[in-house]
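Worksheet: the structure to be examined is printed underneath.
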Amino acid sequence: RRVSENTETSYTFDLIQFLNFCDSHNTSEISLINERLLRNFIISLNLEKLAPVSISRKLASLRGFFDFCVEQNFLVVNPIKYIKNPKIKRKLPETISFNSIESIFNLINNSELDNYDKLLFYAIIDVVYSCALRVSEVCSLKLNDIDMQHGTIRVFGKGSKYRIVPIGKKTIDSIRSYLEVRIRNINNDQLF
């Protein structure tokens with residue numbers, strides 16, 4: 001399914017944890033796994049004080065496993081089919097205020113950094129803030145990910161997927177100013 005290595009490791013751990021649970025409940029045949037056993041597994045996870053988000057991920061691992069078992073005719077009925085994920089309270093992501101960004105730009109401007117570093121920091125902060133990117137996404141940007149003519153950045157992000165993000169004229173100007181100085185100092189395909 002082309003998942004990341006971390007996701008694959010997590011899913012493997014989840015399946016091993018469920019297998020151990022089955023062993024402790026004298027269930028060694030896949031045909032003996034039923035909805036009741038799965039609900040008992042969820043209860044055991046709750047007793048361990050696992051967060052709803054972690055339980056949901058474990059259920060996703062099991063759903064994928066049981067879907068595979070049905071596809072391969074190891075099972076006729078998917079025992080997890082009617083089990084729902086626990087309700088998760090979603091927190092809105094915290095954002096930094098415009099005043100804070102302005103303060104950061106003022107700090108850079110009034111610092112004793114050389115022109116190259118000032119332009120670099122301006123460009124990085126401008127891209128992070130105006131495009132709402134994760135720091136890891138900014139760090140992985142390549143020169144050819146930016147299309148200044150169409151005002152977009154191609155971002156390799158979460159889930160090992162690319163997405164196209166619009167970029168404003170002011171941010172493009174900030175990147176351009178940085179690149180005019182950068183080209184004379186560094187010659188590789190990384191943006192920052």
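Ligands are numbered from 1 in the order shown, residues from 1 within each chain, and chains are lettered A, B, ... in the order they appear in the structure tokens.
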
- Just the residues within 7 Å of Lys118 (chain A), please, counting only C-alpha atoms, with nothing from its chain fewer than 5 positions along; format it as a list in words. Ile108, Asn109 and Leu113 of chain A

In region 36-190 of chain A, what's alpha helix (DSSP H) per DSSP? Answer as number ranges by chain?
A: 36-47, 52-71, 98-109, 115-131, 135-139, 169-182

Distance query Ile16 (chain A) at most 12 Å, only C-alpha atoms, self and fewer than 6 positions along chain excluded, as a list in words:
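So, after excluding close chain neighbours, the residues are Thr9, Ser10, Cys22, Asp23, Lys58, Ser61, Leu62 and Phe65 of chain A.
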
Notebook entry, point to check: At what distance in Å, to one decimal, does CA of Glu94 (chain A) lie from CA of Leu120 (chain A)?
Noted result: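 Between these atoms lies a distance of 24.6 Å.
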
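Considering the residues A:Ile83, A:Arg63, A:Gln72, A:Leu191 and counting only C-alpha atoms, Asn40 (chain A) has its shortest atom-to-atom contact with A:Ile83.
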
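Between CA of Phe98 (chain A) and CA of Thr152 (chain A) there is a distance of 21.9 Å.
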
**Prompt:** From the set A:Asn188, A:Ser111, A:Ser31, A:Thr171, which residue has the shortest atom-to-atom contact distance to Val70 (chain A), counting only C-alpha atoms?
**Reply:**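 Result for the nearest residue to Val70 (chain A): A:Ser31.
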